[in-house]
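See below for the structure under consideration.
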Amino acid sequence: MTVGKVVGTVVATRKDEKLVGSKLLIVQDTELDGTLLSRYTVAVDAVGAGVGELVLTAAGSSARQTDVTKNKPIDAVIMAIVDSIEVHGEIQFQK
Amino acid sequence: MTVGKVVGTVVATRKDEKLVGSKLLIVQDTELDGTLLSRYTVAVDAVGAGVGELVLTAAGSSARQTDVTKNKPIDAVIMAIVDSIEVHGEIQFQK
Amino acid sequence: MTVGKVVGTVVATRKDEKLVGSKLLIVQDTELDGTLLSRYTVAVDAVGAGVGELVLTAAGSSARQTDVTKNKPIDAVIMAIVDSIEVHGEIQFQK
Amino acid sequence: MTVGKVVGTVVATRKDEKLVGSKLLIVQDTELDGTLLSRYTVAVDAVGAGVGELVLTAAGSSARQTDVTKNKPIDAVIMAIVDSIEVHGEIQFQK
Amino acid sequence: MTVGKVVGTVVATRKDEKLVGSKLLIVQDTELDGTLLSRYTVAVDAVGAGVGELVLTAAGSSARQTDVTKNKPIDAVIMAIVDSIEVHGEIQFQK
């Protein structure tokens with residue numbers, strides 16, 4: 001999974017019918033301490049994430065293993081909201 | 001999913017029989033404000049997208065989860081046309 | 001899908017038994033006008049492509065969605081031969 | 001599979017319900033001798049790996065082929081703990 | 001598929017039970033003439049490949065389509081040993 005921060009939203013009226021009701025969020029990759037990197041992806045939210053939160057994103061077919069993404073043309077899902085990240089015994093990020 | 005702009009079309013007469021009727025579009029990656037990047041992919045259109053439109057593309061097995069791409073040798077599908085993109089409360093792109 | 005040019009062949013006598021009869025071609029990535037790039041992949045041919053032709057390649061599980069690649073340990077398939085590519089109304093490539 | 005070192009942990013209270021009980025570890029890519037590289041991923045542990053151990057990580061749908069990851073929205077799993085790595089007859093890493 | 005050379009082995013006693021009996025080889029990417037590149041992957045051997053041989057590796061779910069890798073948490077498999085590679089009519093590699 002990838003660590004990233006929710007930074008925005010995408011509105012798309014015309015889309016595959018299976019996507020109706022899916023919330024499309026922009027997730028920007030981050031370092032483990034939450035520092036923003038230049039890469040981003042558009043992911044469907046499965047956990048009620050909001051802008052500003054650090055999240056984990058799963059990609060590929062694994063993105064379709066939640067109740068809200070099953071069998072949909074979606075290749076990235078937010079499946080967890082990060083509370084804290086610890087590396088070598090030190091807290092890198094704390095919500 | 002990836003944000004990109006439809007910039008062109010591919011014509012291919014000789015192709016796997018499952019691809020007959022599939023519209024092959026060239027999608028160039030963009031920044032969130034629509035600025036073109038140098039990467040592109042060829043994707044099948046599932047939503048009636050046209051040249052010049054900003055779209056979302058799903059890749060891998062997820063690309064086969066629409067009615068028009070099911071069970072086909074296709075690894076990228078346009079599954080949404082972007083109306084607007086908002087980042088940190090500011091509109092980055094508006095159709 | 002990726003645009004590339006067939007530039008060569010791989011011969012492999014010792015291989016998984018499911019691969020017997022599969023033609024292994026070397027596909028070099030190209031720009032949309034056919035200019036060769038430095039990346040290449042080895043793909044199974046599903047459409048009778050020959051050296052020198054511009055083709056589309058599908059990767060991952062999508063590569064197994066043709067009759068000749070079904071259920072085989074193959075992660076790239078040539079599923080179309082490109083006739084022409086048009087970008088912003090201009091022909092970039094014509095066979 | 002990718003060789004990496006377990007360097008930390010992620011705590012996430014709010015997550016897809018299928019993830020309850022899954023241990024989320026931060027795996028940093030390494031050279032074959034265990035030298036740390038700058039890339040990392042978050043993976044679910046399927047083998048009882050601990051911080052400091054060199055491990056193998058499988059990505060994509062293959063990450064869902066263990067008992068603890070089956071049908072879950074998980075795209076990376078630690079499926080082996082490395083004892084030793086030998087390259088050209090020389091030991092590069094020994095636990 | 002990717003062209004690479006088998007350069008070493010990984011020993012892992014503690015691993016997912018499905019991996020018992022799987023031979024884990026280190027495959028270093030090469031140019032088409034066999035020149036070593038800096039990328040490598042760990043792949044399961046499905047064809048009896050040995051150190052020093054040039055091989056083809058399939059990645060992702062396709063890596064699970066051989067008898068020895070079926071349903072296992074494995075994302076790369078050696079599915080062919082290269083005898084020769086020909087590009088633009090010239091032999092680049094000959095075993």
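Here's how to read the names in the structure tokens: chain A, B, ... by the order shown, residue numbers from 1 in each chain, ligand numbers from 1 in the order shown.
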Any chance you could dump chain E, least-squares fitted to chain D on all C-alpha atoms in order, as a short mmCIF file (atom, residue, chain, number, x, y, z; two decimals) with N, CA, C and O atoms, in the first residue's frame?
```cif
data_model
loop_
_atom_site.label_atom_id
_atom_site.label_comp_id
_atom_site.auth_asym_id
_atom_site.auth_seq_id
_atom_site.Cartn_x
_atom_site.Cartn_y
_atom_site.Cartn_z
N MET E 1 9.27 -10.89 -6.71
CA MET E 1 9.20 -10.40 -5.34
C MET E 1 10.32 -9.37 -5.12
O MET E 1 11.31 -9.37 -5.84
N THR E 2 10.13 -8.57 -4.13
CA THR E 2 11.06 -7.50 -3.83
C THR E 2 11.75 -7.79 -2.51
O THR E 2 11.12 -8.25 -1.57
N VAL E 3 13.06 -7.51 -2.46
CA VAL E 3 13.80 -7.66 -1.21
C VAL E 3 13.75 -6.33 -0.45
O VAL E 3 14.00 -5.27 -1.03
N GLY E 4 13.40 -6.39 0.83
CA GLY E 4 13.33 -5.17 1.61
C GLY E 4 13.52 -5.46 3.08
O GLY E 4 13.56 -6.62 3.51
N LYS E 5 13.65 -4.39 3.85
CA LYS E 5 13.82 -4.54 5.30
C LYS E 5 12.61 -3.94 6.01
O LYS E 5 12.15 -2.85 5.65
N VAL E 6 12.11 -4.64 7.00
CA VAL E 6 11.03 -4.10 7.81
C VAL E 6 11.61 -3.00 8.70
O VAL E 6 12.52 -3.26 9.49
N VAL E 7 11.08 -1.78 8.55
CA VAL E 7 11.65 -0.67 9.33
C VAL E 7 10.62 -0.02 10.26
O VAL E 7 10.99 0.83 11.09
N GLY E 8 9.37 -0.38 10.15
CA GLY E 8 8.41 0.29 11.03
C GLY E 8 7.01 -0.25 10.90
O GLY E 8 6.78 -1.28 10.25
N THR E 9 6.09 0.44 11.55
CA THR E 9 4.69 -0.01 11.60
C THR E 9 3.74 1.15 11.35
O THR E 9 4.08 2.31 11.60
N VAL E 10 2.57 0.81 10.85
CA VAL E 10 1.51 1.80 10.65
C VAL E 10 0.33 1.42 11.54
O VAL E 10 -0.08 0.25 11.54
N VAL E 11 -0.20 2.37 12.28
CA VAL E 11 -1.40 2.14 13.06
C VAL E 11 -2.56 2.86 12.36
O VAL E 11 -2.43 4.04 12.00
N ALA E 12 -3.65 2.11 12.14
CA ALA E 12 -4.82 2.68 11.47
C ALA E 12 -6.06 2.10 12.11
O ALA E 12 -6.39 0.93 11.90
N THR E 13 -6.74 2.90 12.90
CA THR E 13 -7.94 2.41 13.59
C THR E 13 -9.12 2.34 12.62
O THR E 13 -9.88 1.37 12.63
N ARG E 14 -9.22 3.37 11.78
CA ARG E 14 -10.33 3.42 10.84
C ARG E 14 -9.87 2.81 9.52
O ARG E 14 -9.00 3.38 8.84
N LYS E 15 -10.44 1.69 9.18
CA LYS E 15 -9.99 0.98 7.98
C LYS E 15 -11.10 0.06 7.51
O LYS E 15 -12.06 -0.18 8.23
N ASP E 16 -10.94 -0.45 6.31
CA ASP E 16 -11.90 -1.42 5.79
C ASP E 16 -11.99 -2.57 6.79
O ASP E 16 -10.97 -3.05 7.30
N GLU E 17 -13.23 -3.02 7.05
CA GLU E 17 -13.44 -4.03 8.09
C GLU E 17 -12.64 -5.32 7.86
O GLU E 17 -12.29 -6.02 8.80
N LYS E 18 -12.33 -5.61 6.59
CA LYS E 18 -11.56 -6.83 6.31
C LYS E 18 -10.13 -6.75 6.83
O LYS E 18 -9.44 -7.75 6.92
N LEU E 19 -9.70 -5.51 7.14
CA LEU E 19 -8.31 -5.32 7.56
C LEU E 19 -8.12 -5.47 9.06
O LEU E 19 -6.99 -5.44 9.55
N VAL E 20 -9.22 -5.64 9.79
CA VAL E 20 -9.09 -5.78 11.24
C VAL E 20 -8.23 -7.01 11.54
O VAL E 20 -8.48 -8.09 11.03
N GLY E 21 -7.19 -6.81 12.34
CA GLY E 21 -6.31 -7.92 12.68
C GLY E 21 -5.09 -8.04 11.78
O GLY E 21 -4.17 -8.80 12.10
N SER E 22 -5.06 -7.31 10.68
CA SER E 22 -3.90 -7.37 9.79
C SER E 22 -2.79 -6.46 10.33
O SER E 22 -3.04 -5.30 10.65
N LYS E 23 -1.58 -6.96 10.40
CA LYS E 23 -0.44 -6.16 10.86
C LYS E 23 0.16 -5.43 9.66
O LYS E 23 0.58 -6.05 8.69
N LEU E 24 0.19 -4.10 9.74
CA LEU E 24 0.69 -3.27 8.65
C LEU E 24 2.14 -2.86 8.92
O LEU E 24 2.40 -2.12 9.86
N LEU E 25 3.05 -3.34 8.10
CA LEU E 25 4.47 -3.05 8.31
C LEU E 25 5.01 -2.18 7.18
O LEU E 25 4.56 -2.28 6.04
N ILE E 26 5.99 -1.36 7.52
CA ILE E 26 6.67 -0.55 6.51
C ILE E 26 7.91 -1.31 6.07
O ILE E 26 8.76 -1.66 6.88
N VAL E 27 7.98 -1.57 4.77
CA VAL E 27 9.11 -2.31 4.22
C VAL E 27 9.88 -1.37 3.29
O VAL E 27 9.32 -0.82 2.33
N GLN E 28 11.15 -1.18 3.59
CA GLN E 28 11.99 -0.31 2.77
C GLN E 28 12.78 -1.20 1.81
O GLN E 28 13.36 -2.22 2.23
N ASP E 29 12.78 -0.86 0.54
CA ASP E 29 13.53 -1.65 -0.43
C ASP E 29 15.01 -1.64 -0.07
O ASP E 29 15.53 -0.66 0.48
N THR E 30 15.68 -2.74 -0.38
CA THR E 30 17.13 -2.80 -0.14
C THR E 30 17.84 -3.37 -1.36
O THR E 30 17.24 -3.99 -2.22
N GLU E 31 19.15 -3.14 -1.37
CA GLU E 31 20.02 -3.87 -2.29
C GLU E 31 20.06 -5.32 -1.81
O GLU E 31 19.57 -5.64 -0.72
N LEU E 32 20.69 -6.17 -2.58
CA LEU E 32 20.73 -7.58 -2.22
C LEU E 32 21.56 -7.83 -0.96
O LEU E 32 21.46 -8.89 -0.33
N ASP E 33 22.41 -6.88 -0.58
CA ASP E 33 23.19 -7.03 0.66
C ASP E 33 22.52 -6.37 1.85
O ASP E 33 23.09 -6.29 2.94
N GLY E 34 21.29 -5.90 1.65
CA GLY E 34 20.54 -5.32 2.76
C GLY E 34 20.68 -3.81 2.89
O GLY E 34 20.03 -3.20 3.74
N THR E 35 21.49 -3.19 2.05
CA THR E 35 21.64 -1.73 2.07
C THR E 35 20.30 -1.08 1.73
O THR E 35 19.67 -1.43 0.73
N LEU E 36 19.88 -0.14 2.55
CA LEU E 36 18.58 0.50 2.37
C LEU E 36 18.55 1.41 1.15
O LEU E 36 19.49 2.16 0.89
N LEU E 37 17.44 1.33 0.40
CA LEU E 37 17.19 2.24 -0.72
C LEU E 37 16.11 3.23 -0.28
O LEU E 37 15.58 3.13 0.81
N SER E 38 15.76 4.16 -1.16
CA SER E 38 14.84 5.21 -0.72
C SER E 38 13.36 4.85 -0.91
O SER E 38 12.49 5.54 -0.42
N ARG E 39 13.05 3.78 -1.63
CA ARG E 39 11.65 3.40 -1.82
C ARG E 39 11.14 2.56 -0.64
O ARG E 39 11.89 1.79 -0.06
N TYR E 40 9.88 2.68 -0.34
CA TYR E 40 9.28 1.83 0.69
C TYR E 40 7.85 1.51 0.29
O TYR E 40 7.26 2.18 -0.57
N THR E 41 7.29 0.48 0.90
CA THR E 41 5.88 0.18 0.72
C THR E 41 5.29 -0.22 2.06
O THR E 41 6.04 -0.54 2.99
N VAL E 42 3.97 -0.19 2.18
CA VAL E 42 3.31 -0.71 3.38
C VAL E 42 2.73 -2.07 3.01
O VAL E 42 1.98 -2.18 2.04
N ALA E 43 3.12 -3.10 3.75
CA ALA E 43 2.70 -4.46 3.42
C ALA E 43 2.08 -5.13 4.64
O ALA E 43 2.41 -4.78 5.78
N VAL E 44 1.20 -6.09 4.39
CA VAL E 44 0.64 -6.89 5.47
C VAL E 44 1.56 -8.06 5.73
O VAL E 44 2.09 -8.67 4.80
N ASP E 45 1.75 -8.37 6.99
CA ASP E 45 2.67 -9.44 7.38
C ASP E 45 1.94 -10.78 7.41
O ASP E 45 0.92 -10.92 8.11
N ALA E 46 2.46 -11.76 6.70
CA ALA E 46 1.84 -13.09 6.69
C ALA E 46 2.74 -14.15 7.32
O ALA E 46 2.39 -15.32 7.36
N VAL E 47 3.91 -13.72 7.81
CA VAL E 47 4.88 -14.72 8.30
C VAL E 47 5.49 -14.37 9.66
O VAL E 47 6.48 -14.98 10.07
N GLY E 48 4.93 -13.40 10.36
CA GLY E 48 5.47 -13.05 11.67
C GLY E 48 6.78 -12.30 11.61
O GLY E 48 7.66 -12.50 12.45
N ALA E 49 6.94 -11.44 10.62
CA ALA E 49 8.18 -10.68 10.47
C ALA E 49 8.26 -9.55 11.49
O ALA E 49 7.23 -9.01 11.92
N GLY E 50 9.46 -9.19 11.88
CA GLY E 50 9.64 -8.12 12.85
C GLY E 50 10.55 -7.03 12.30
O GLY E 50 11.24 -7.23 11.30
N VAL E 51 10.54 -5.87 12.96
CA VAL E 51 11.37 -4.76 12.53
C VAL E 51 12.83 -5.19 12.51
O VAL E 51 13.32 -5.85 13.44
N GLY E 52 13.52 -4.86 11.42
CA GLY E 52 14.93 -5.19 11.28
C GLY E 52 15.18 -6.40 10.41
O GLY E 52 16.30 -6.62 9.94
N GLU E 53 14.15 -7.18 10.15
CA GLU E 53 14.35 -8.39 9.34
C GLU E 53 14.30 -8.09 7.84
O GLU E 53 13.53 -7.24 7.39
N LEU E 54 15.11 -8.82 7.07
CA LEU E 54 15.05 -8.74 5.62
C LEU E 54 13.95 -9.69 5.14
O LEU E 54 13.90 -10.85 5.59
N VAL E 55 13.11 -9.21 4.27
CA VAL E 55 11.93 -10.00 3.86
C VAL E 55 11.71 -9.92 2.35
O VAL E 55 12.27 -9.07 1.66
N LEU E 56 10.87 -10.83 1.87
CA LEU E 56 10.40 -10.76 0.49
C LEU E 56 8.95 -10.28 0.51
O LEU E 56 8.16 -10.73 1.34
N THR E 57 8.62 -9.39 -0.41
CA THR E 57 7.26 -8.86 -0.52
C THR E 57 6.71 -9.20 -1.90
O THR E 57 7.39 -9.02 -2.90
N ALA E 58 5.48 -9.70 -1.92
CA ALA E 58 4.79 -9.94 -3.20
C ALA E 58 3.72 -8.87 -3.36
O ALA E 58 3.05 -8.51 -2.39
N ALA E 59 3.54 -8.40 -4.59
CA ALA E 59 2.64 -7.28 -4.85
C ALA E 59 1.47 -7.69 -5.73
O ALA E 59 1.47 -8.76 -6.34
N GLY E 60 0.48 -6.81 -5.78
CA GLY E 60 -0.66 -7.03 -6.67
C GLY E 60 -1.58 -8.11 -6.18
O GLY E 60 -1.69 -8.37 -4.98
N SER E 61 -2.26 -8.78 -7.13
CA SER E 61 -3.22 -9.81 -6.74
C SER E 61 -2.53 -10.96 -6.03
O SER E 61 -3.15 -11.67 -5.22
N SER E 62 -1.25 -11.16 -6.29
CA SER E 62 -0.49 -12.23 -5.62
C SER E 62 -0.43 -11.99 -4.12
O SER E 62 -0.26 -12.94 -3.34
N ALA E 63 -0.56 -10.74 -3.71
CA ALA E 63 -0.53 -10.42 -2.28
C ALA E 63 -1.75 -10.97 -1.55
O ALA E 63 -1.78 -11.02 -0.33
N ARG E 64 -2.77 -11.39 -2.29
CA ARG E 64 -3.99 -11.90 -1.65
C ARG E 64 -4.05 -13.43 -1.62
O ARG E 64 -5.09 -14.00 -1.33
N GLN E 65 -2.92 -14.09 -1.90
CA GLN E 65 -2.91 -15.55 -1.98
C GLN E 65 -2.45 -16.22 -0.70
O GLN E 65 -2.09 -17.40 -0.70
N THR E 66 -2.43 -15.51 0.42
CA THR E 66 -2.12 -16.15 1.70
C THR E 66 -3.41 -16.22 2.52
O THR E 66 -4.38 -15.51 2.24
N ASP E 67 -3.40 -17.06 3.55
CA ASP E 67 -4.59 -17.21 4.39
C ASP E 67 -4.97 -15.89 5.06
O ASP E 67 -6.16 -15.61 5.26
N VAL E 68 -4.01 -15.09 5.42
CA VAL E 68 -4.33 -13.86 6.17
C VAL E 68 -4.69 -12.67 5.27
O VAL E 68 -5.14 -11.65 5.76
N THR E 69 -4.49 -12.81 3.97
CA THR E 69 -4.78 -11.68 3.08
C THR E 69 -5.88 -11.95 2.07
O THR E 69 -6.28 -11.06 1.32
N LYS E 70 -6.39 -13.17 2.03
CA LYS E 70 -7.38 -13.59 1.03
C LYS E 70 -8.58 -12.64 0.94
O LYS E 70 -9.19 -12.32 1.96
N ASN E 71 -8.89 -12.21 -0.27
CA ASN E 71 -10.06 -11.36 -0.55
C ASN E 71 -10.03 -10.00 0.15
O ASN E 71 -11.07 -9.36 0.31
N LYS E 72 -8.88 -9.57 0.58
CA LYS E 72 -8.78 -8.29 1.28
C LYS E 72 -8.19 -7.20 0.36
O LYS E 72 -7.45 -7.50 -0.57
N PRO E 73 -8.54 -5.93 0.64
CA PRO E 73 -8.00 -4.83 -0.17
C PRO E 73 -6.54 -4.53 0.21
O PRO E 73 -6.23 -3.49 0.77
N ILE E 74 -5.69 -5.47 -0.15
CA ILE E 74 -4.28 -5.43 0.24
C ILE E 74 -3.45 -5.71 -1.01
O ILE E 74 -3.70 -6.69 -1.71
N ASP E 75 -2.48 -4.84 -1.33
CA ASP E 75 -1.71 -5.05 -2.56
C ASP E 75 -0.24 -5.36 -2.32
O ASP E 75 0.56 -5.34 -3.27
N ALA E 76 0.11 -5.67 -1.08
CA ALA E 76 1.50 -6.07 -0.79
C ALA E 76 1.50 -6.93 0.45
O ALA E 76 0.87 -6.59 1.45
N VAL E 77 2.22 -8.06 0.38
CA VAL E 77 2.28 -8.97 1.52
C VAL E 77 3.72 -9.43 1.73
O VAL E 77 4.45 -9.67 0.76
N ILE E 78 4.10 -9.52 2.99
CA ILE E 78 5.39 -10.13 3.32
C ILE E 78 5.15 -11.63 3.39
O ILE E 78 4.38 -12.10 4.24
N MET E 79 5.76 -12.38 2.46
CA MET E 79 5.48 -13.81 2.40
C MET E 79 6.71 -14.68 2.71
O MET E 79 6.61 -15.91 2.67
N ALA E 80 7.83 -14.06 3.05
CA ALA E 80 9.03 -14.84 3.41
C ALA E 80 10.01 -13.94 4.17
O ALA E 80 10.10 -12.74 3.91
N ILE E 81 10.70 -14.56 5.12
CA ILE E 81 11.79 -13.87 5.83
C ILE E 81 13.10 -14.43 5.28
O ILE E 81 13.29 -15.65 5.23
N VAL E 82 13.96 -13.54 4.83
CA VAL E 82 15.19 -13.96 4.16
C VAL E 82 16.24 -14.44 5.18
O VAL E 82 16.54 -13.74 6.15
N ASP E 83 16.76 -15.65 4.94
CA ASP E 83 17.88 -16.14 5.74
C ASP E 83 19.20 -15.71 5.12
O ASP E 83 20.09 -15.22 5.80
N SER E 84 19.31 -15.91 3.80
CA SER E 84 20.57 -15.54 3.14
C SER E 84 20.34 -15.31 1.66
O SER E 84 19.37 -15.81 1.07
N ILE E 85 21.21 -14.50 1.09
CA ILE E 85 21.18 -14.21 -0.34
C ILE E 85 22.57 -14.45 -0.89
O ILE E 85 23.56 -13.95 -0.35
N GLU E 86 22.63 -15.22 -1.96
CA GLU E 86 23.92 -15.53 -2.58
C GLU E 86 23.89 -15.08 -4.03
O GLU E 86 22.96 -15.38 -4.76
N VAL E 87 24.90 -14.33 -4.45
CA VAL E 87 24.99 -13.87 -5.83
C VAL E 87 26.35 -14.26 -6.40
O VAL E 87 27.39 -13.97 -5.79
N HIS E 88 26.34 -14.93 -7.54
CA HIS E 88 27.57 -15.39 -8.18
C HIS E 88 28.48 -16.12 -7.19
O HIS E 88 29.69 -15.91 -7.15
N GLY E 89 27.85 -16.98 -6.34
CA GLY E 89 28.63 -17.80 -5.43
C GLY E 89 29.12 -17.10 -4.18
O GLY E 89 29.78 -17.70 -3.33
N GLU E 90 28.82 -15.81 -4.04
CA GLU E 90 29.23 -15.10 -2.83
C GLU E 90 28.01 -14.71 -1.99
O GLU E 90 27.01 -14.24 -2.53
N ILE E 91 28.14 -14.89 -0.68
CA ILE E 91 27.06 -14.50 0.22
C ILE E 91 26.97 -12.97 0.26
O ILE E 91 27.93 -12.29 0.59
N GLN E 92 25.78 -12.45 -0.10
CA GLN E 92 25.57 -11.00 -0.03
C GLN E 92 24.94 -10.61 1.30
O GLN E 92 25.17 -9.53 1.83
N PHE E 93 24.09 -11.52 1.79
CA PHE E 93 23.41 -11.25 3.05
C PHE E 93 23.27 -12.55 3.82
O PHE E 93 22.95 -13.59 3.24
N GLN E 94 23.49 -12.46 5.14
CA GLN E 94 23.29 -13.63 6.01
C GLN E 94 22.62 -13.11 7.27
O GLN E 94 23.09 -12.15 7.87
N LYS E 95 21.52 -13.75 7.64
CA LYS E 95 20.76 -13.27 8.79
C LYS E 95 21.59 -13.37 10.07
O LYS E 95 22.23 -14.38 10.30
#
```
For this session: Run DSSP on the backbone of this structure and report the residues of chain D it assigns to strand (DSSP E or B), as a ChimeraX atom specification.
Result: /D:2-11,14-15,24-30,36-45,54-59,76-81,84-87,90-94
Resulting file, chosen residues, C-alpha atoms, as a CSV table (one decimal), in the first residue's frame:
```
chain,number,residue,atom,x,y,z
D,2,THR,CA,11.1,-7.5,-3.8
D,3,VAL,CA,13.8,-7.6,-1.2
D,4,GLY,CA,13.3,-5.2,1.6
D,5,LYS,CA,13.8,-4.5,5.3
D,6,VAL,CA,11.0,-4.1,7.8
D,7,VAL,CA,11.7,-0.7,9.3
D,8,GLY,CA,8.4,0.3,11.0
D,9,THR,CA,4.7,0.0,11.6
D,10,VAL,CA,1.5,1.8,10.6
D,11,VAL,CA,-1.4,2.1,13.1
D,14,ARG,CA,-10.4,3.4,10.8
D,15,LYS,CA,-10.0,1.0,8.0
D,24,LEU,CA,0.7,-3.3,8.6
D,25,LEU,CA,4.5,-3.0,8.3
D,26,ILE,CA,6.7,-0.5,6.5
D,27,VAL,CA,9.1,-2.3,4.2
D,28,GLN,CA,12.0,-0.3,2.8
D,29,ASP,CA,13.5,-1.6,-0.4
D,30,THR,CA,17.1,-2.8,-0.1
D,36,LEU,CA,18.6,0.5,2.4
D,37,LEU,CA,17.2,2.2,-0.7
D,38,SER,CA,14.8,5.2,-0.7
D,39,ARG,CA,11.7,3.4,-1.8
D,40,TYR,CA,9.3,1.8,0.7
D,41,THR,CA,5.9,0.2,0.7
D,42,VAL,CA,3.3,-0.7,3.4
D,43,ALA,CA,2.7,-4.5,3.4
D,44,VAL,CA,0.6,-6.9,5.5
D,45,ASP,CA,2.7,-9.4,7.4
D,54,LEU,CA,15.1,-8.7,5.6
D,55,VAL,CA,11.9,-10.0,3.9
D,56,LEU,CA,10.4,-10.8,0.5
D,57,THR,CA,7.3,-8.9,-0.5
D,58,ALA,CA,4.8,-9.9,-3.2
D,59,ALA,CA,2.7,-7.3,-4.9
D,76,ALA,CA,1.5,-6.1,-0.8
D,77,VAL,CA,2.3,-9.0,1.5
D,78,ILE,CA,5.4,-10.1,3.3
D,79,MET,CA,5.5,-13.8,2.4
D,80,ALA,CA,9.0,-14.8,3.4
D,81,ILE,CA,11.8,-13.9,5.8
D,84,SER,CA,20.6,-15.5,3.1
D,85,ILE,CA,21.2,-14.2,-0.3
D,86,GLU,CA,23.9,-15.5,-2.6
D,87,VAL,CA,25.0,-13.9,-5.8
D,90,GLU,CA,29.2,-15.1,-2.8
D,91,ILE,CA,27.0,-14.5,0.2
D,92,GLN,CA,25.6,-11.0,0.0
D,93,PHE,CA,23.4,-11.3,3.0
D,94,GLN,CA,23.3,-13.6,6.0
```
